[in-house]
Structure formats: structure tokens, C-alpha cells
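Q: Pasting a structure here, questions to come.
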Amino acid sequence: MLPEGSGTGFEVGQRVLKVQKEGEKKQSGTVKYIGPVEGYDGLWIGVDWDSGHGRHDGTVNGKRYFETTTKESGSLVRPHSLSAGITLAEALIERYNGSATSTSSGEDGMYVLSVRHRRMNVQLVGKDQIEERQKRMEELKVVILAHAGVHSAGVRGEVAEIASSIEELDLTGNLLPDWKAVGDICEELPRLRFLNLSCSRIAFGADKIISGLEKIHTLVINNSRITWQQVEQLKLSLKSLEELHLSGNHIKAIEVNEEDAYGNFVQGFETLRILNLEDNDIEDWKEVMKLSRLMRLEHLNLNQNKLEEVTYPVLEGSSDKDKEEQSVPFQNLRCLLLGKNKIASMDSVNALNHFPSLKDARLSENPLVDPDLGTAARYLLVARIGGITSLNGSEVKPRERKEAEIRYVRNVMKTMAGNINDSALKMHPRYMELKLKYDISVESAQPRAARGFSKMSETLLPVTLMCVSVPMKHRAYITRNLPPSTTVGRLKQVCEALFRVKATNQVLYIKDEEHPLPILLDNDLESISDIGVREDSRILVDEAKGH
């Protein structure tokens with residue numbers, strides 16, 4: 001039997017690229033086995049493919065040759081089907097200094113950035129073509145070498161000589177074996193600030209500080225199976241890091257190395273402003289709280305995780321001095337994205353109101369706001385989170401906030417029938433604040449019959465309606481004077497008489513100049529006064545899909 005690796009030029013643990021045949025996609029992987037396979041002649045190499053698109057789990061004819069990441073991410077191939085890759089210097093020359101046909105246009109071709117940061121393709125012709133290409137390489141600021149098979153910087157000084165102006169480098173899906181190789185590349189590029197290493201499998205060594213990473217401002221390591229514990233190993237090296245993107249890594253826990261007087265928290269990362277943890281597996285909000293002492297953090301993306309709740313701690317200690325000694329959690333966080341999680345409770349919405357600097361929140365595609373479940377309308381979210389100016393990507397203007405908060409207070413009064421006890425205040429922590437802010441009396445929230453009758457002419461509201469389910473040429477606004485106590489359910493009956501759309505099939509929206517989008521009227525028991533109908537309001541009548 002031949003010794004492992006004999007005559008192949010490969011070794012176990014090495015990163016490799018599959019030699020492409022026409023029509024095949026690029027694939028990179030890790031060598032897991034080198035040797036014979038029973039029933040077949042010659043030497044074989046077992047590879048665990050990053051994409052997961054292999055043929056088996058390392059087992060052939062009942063015999064296991066190597067372990068794989070998934071059940072079908074492994075395959076056995078001949079040595080000639082694999083490439084060990086090329087250096088960064090070689091990749092740059094191949095991509096940006098090749099023939100005019102291959103690099104004059106297209107996504108991967110040579111380009112420069114305009115003043116508006118747009119890519120301008122460069123096509124070079126004439127007798128000075130080679131010299132001009134070399135000059136262009138020296139001026140390159142943004143380089144894309146995705147899936148190019150890069151395994152190292154190459155000969156020391158070579159990259160710096162041919163392309164020292166690079167500021168942004170995309171090395172998605174390459175073959176860099178470890179972080180030392182990454183550091184070597186960074187040291188060759190003194191102006192490098194943005195580095196994309198997504199879809200890679202980069203090993204961690206014993207080095208605590210990796211030279212070259214200290215000047216990186218933005219680091220992208222999406223879809224790379226990296227853990228937070230490994231991220232912790234990098235923080236001493238990333239002294240200037242402002243943005244960190246870790247999407248799609250199946251991160252479930254935020255493992256930390258230090259423990260302070262108040263528990264386990266991520267420390268360091270003094271310059272980090274943006275953290276992207278989208279599309280991971282975080283379930284427990286306690287893991288997120290470990291990030292709450294990152295003092296410069298402004299933007300946290302937790303979309304597409306598995307969170308079921310959001311909490312915000314009450315600072316312990318009886319005096320202001322005690323509280324000052326504790327760091328305010330997420331004290332500078334302005335944007336929190338929580339879309340596509342499993343949040344179902346209004347308690348989580350109430351918790352968001354306590355984030356001291358929060359201005360932009362996303363809660364879309366959670367059970368809490370699922371229209372099929374008849375849950376929280378937009379106005380409830382706006383009213384309960386007092387500081388936000390943007391919700392689910394849509395601006396919250398002052399007019400919308402005012403009407404949402406008034407509507408919310410009146411609904412609480414009606415629901416509680418004026419009996420606002422401690423239990424109600426716990427469920428609606430902003431109730432008293434908003435009641436005082438707008439000077440809303442309990443009597444004003446009661447139906448007109450309960451308050452006593454006044455002259456009909458003094459109480460009617462002009463309500464302007466339009467049916468949007470008919471062709472444009474037939475659309476027209478119709479105004480009717482209605483009592484403020486008219487419910488949405490009764491309004492649908494009025495619309496049925498006007499537009500010949502059955503009340504049970506109607507979907508109503510309210511819109512005015514200040515609302516960024518029409519607001520769904522989803523509660524048939526609310527009155528037009530409660531929903532904030534004004535003279536400039538418009539009620540849009542649509543027909544439910546399928547009718």
C-alpha cells in the first residue's frame with residue numbers, strides 16, 4: 001500500500017478546487033482521505049465539498065473511508081480532477097492582465113470606480129495595451145476574485161508590487177488554509193479596508209494576534225461554519241473593525257472568554273458599529289444580551305434566527321450611582337432587525353421601548369404580526385415603541401405616531417372598560433404616559449350612547465371612500481357623513497350599498513397625506529373615531545383575494 005499522499009501532490013486537510021468541466025459549477029472542498037479504494041484500481045482522493053453536493057458520506061460499498069459534514073457532501077475523485085489552486089498574485093495577473101477578450105467586460109472584468117461608486121468597465125486596445133493594463137492594475141481599488149482558487153499571497157512583495165492600491169478585496173469561496181495566510185495577504189495590501197472571506201473554511205492556529213488584520217474595517221465571513229468562539233480568537237487582531245458580517249453560519253451561542261462583575265459579556269471590539277448575524281440559529285435572547293456591552297454597536301441584524309422573545313433588563317441597585325456603575329445595555333443601538341423570527345408576545349414589543357437609542361426596528365414575518373392570525377396591527381407597534389422613526393422599513397412620521405398613540409390609548413380604555421388596574425398597566429406600560437400626553441379622558445373613549453346624545457349635526461364626521469377593486473376609470477371618491485361611533489363593521493355595510501361589494505368580502509384601509517402606506521382596518525368593532533378618521537382621511541375599499 002502506498003503511503004498517504006504519495007505521488008498525488010495533495011495531503012489530508014488541504015483545501016482544493018475541482019477542475020471544471022464545461023457546464024459545471026465551481027466547487028471547493030477539503031481533502032479527507034488519500035489512498036486506495038476496494039474494487040477500484042489506482043489512488044483516490046476523498047473530498048468533503050463545501051457546497052454539500054457530493055455523492056455519499058465517505059462510505060463506499062459498506063466501507064467508510066472518511067467523515068463528511070453532511071450525508072452527501074463527500075466523493076472520491078482522481079488526483080487529476082483536483083487543483084491545489086494558485087497564489088493571489090497569479091489570480092490578479094490571470095484576471096486583470098490577461099487577454100482583452102477575457103477581461104474587457106463583464107462582472108469579473110477590469111473596472112474602475114466612478115465618483116458615484118459605480119463600476120466602469122475598462123476596454124483596452126492599441127499598441128500600448130500591456131503597459132496600460134499594468135498601470136490599471138496598480139490603480140485597482142476594488143478586486144473580485146470569487147472562487148478563483150487562491151491559496152496564498154505568493155512570493156513576498158509580489159502582490160504589493162503589482163496591485164498595492166487595493167482597498168476592497170472579495171475572496172469568496174477560495175482555498176486559504178488558515179488565518180496566517182489571510183494575514184499575509186493583508187500585509188501585502190497596505191490600503192486594504194474591506195475583506196470578504198465568505199464560503200471559506202479557514203483554520204485557526206495558536207497565534208493570538210494575526211499581523212495584517214489590524215487595518216481591516218469591514219470583514220465578511222458569511223456561510224463559513226465559523227463559531228463565535230472562533231470570532232473571539234480574532235478580536236485582538238481586528239483593532240479597527242467597524243463592520244462584521246457572520247450570516248449563515250448556524251451560530252447558536254455567543255461563547256465568551258471573559259466574565260466581569262455582572263456576568264458573561266462580549267468584550268473588546270471597541271470600534272464595532274455594525275454586526276450582522278442574519279440567518280443563524282440563535283434561540284435564546286440571553287445569548288443576544290452577551291452583546292449588550294459593545295459600546296459602539298449601532299446596527300444589529302438578527303433577521304432569520306429562532307428567537308421567541310425580546311427582553312430588556314431592569315438595572316439592579318437602588319440608587320442612581322449603583323446604576324451608573326453598570327453599563328446601560330445596548331446604549332447606542334439605533335437599528336435592530338428581528339424579521340423572520342418566532343416572536344409572538346407583546347411583551348417583546350414593550351421591551352423594545354426600553355432600548356435607549358432605538359430608532360429603526362423590524363418585526364415583519366413574526367407570528368406577532370401575521371395577518372392570518374389577526375395579531376398586532378402596525379399602529380400598536382408604533383404606539384408601544386415610543387422612540388422609533390422607522391418600522392419594518394417604512395418611516396414613522398409624527399402624524400402617524402400621534403394618531404397611533406391616541407388610538408392605542410382609546411382602545412385600552414374601551415377594552416378595560418375604564419378599569420385600569422396594576423395588571424392592565426403591566427400589559428400596557430406606556431398607557432399612563434400617553435393618556436397624560438394627549439389628555440384623553442375615559443369618557444371620550446366610551447360609545448356615544450354611554451356619554452349621552454348631542455345634536456346629530458354636531459357629531460357627524462365626513463368620511464371619504466373609494467373602491468379600489470374596480471377598474472381605474474370607474475374609481476371615484478364618495479363622501480358620507482357618519483356618526484363617530486360608526487364601527488368598521490357598520491362602515492362595511494355602508495360600502496356594500498355604495499360599491500356592491502359584499503361586506504364579508506371587503507378589506508378596508510385608511511390613508512391620508514401623512515401615512516406612508518395605507519393602514520389595514522382589521523377590527524370590525526373599532527369606531528371610525530378610534531381609528532383616527534379626519535377630514536383629509538380616505539377609506540380605501542378592496543375585495544379580498546379569491547372573491
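In the C-alpha cells, each chain is lettered A, B, ... as it comes, each chain's residues begin at 1, and ligands are numbered from 1 in order of appearance.
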When you look at A:Glu255 with a cut-off of 10 Å (counting only C-alpha atoms), what residues show up, excluding the ones that are within fewer than 3 positions of it in the same chain? I need them as an MDAnalysis selection string.
A: chainID A and resid 227:232 251:252 258 264:266 287 290
Q: If you count only C-alpha atoms, which residues fall within 7 Å of stretch 31-48 of chain A, apart from same-chain ones fewer than 2 positions away, as an NGL selection string?
A: :A and (4-5 or 11-15 or 29 or 50 or 65-66 or 68-69 or 73-79)
Q: Atom CA of A:Glu214 to atom CA of A:Cys186: how many Å, to one decimal?
A: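 We find that atom CA of A:Glu214 and atom CA of A:Cys186 lie 9.1 Å from each other.
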Q: Stretch 156-161 of chain A: which residues within 12 Å, counting only C-alpha atoms, same-chain residues fewer than 3 positions away excluded, as a PyMOL selection string?
A: chain A and resi 87-93+134-135+137-140+152-153+164-166+181+184-192
Q: Given only C-alpha atoms as the basis, pick out the residue of A:His56, A:Phe499, A:His428, A:Asp530 nearest to A:His474.
A: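 That would be A:Phe499, the residue with the smallest distance to A:His474.
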Q: DSSP on the backbone: what in stretch 311-522 of chain A comes out helix (DSSP H, G or I), as number ranges by chain?
A: A: 320-325, 346-352, 367-369, 371-373, 378-384, 398-416, 422-427, 431-438, 443-445, 448-451, 456-459, 472-474, 488-499, 503-505
Q: Skipping near chain neighbours, those fewer than 3 positions away, what residues fall within 7 Å of A:Tyr408 using only C-alpha atoms, listed as a VMD selection string?
A: chain A and resid 380 383 404 to 405 411 to 412
Q: Please identify all polymer residues within 6 Å of stretch 485-491 of chain A, counting only C-alpha atoms, omitting same-chain residues fewer than 4 positions from it, and present them as a list in words.
A: Asp524, Leu525, Glu526, Ser527 and Ile528 of chain A
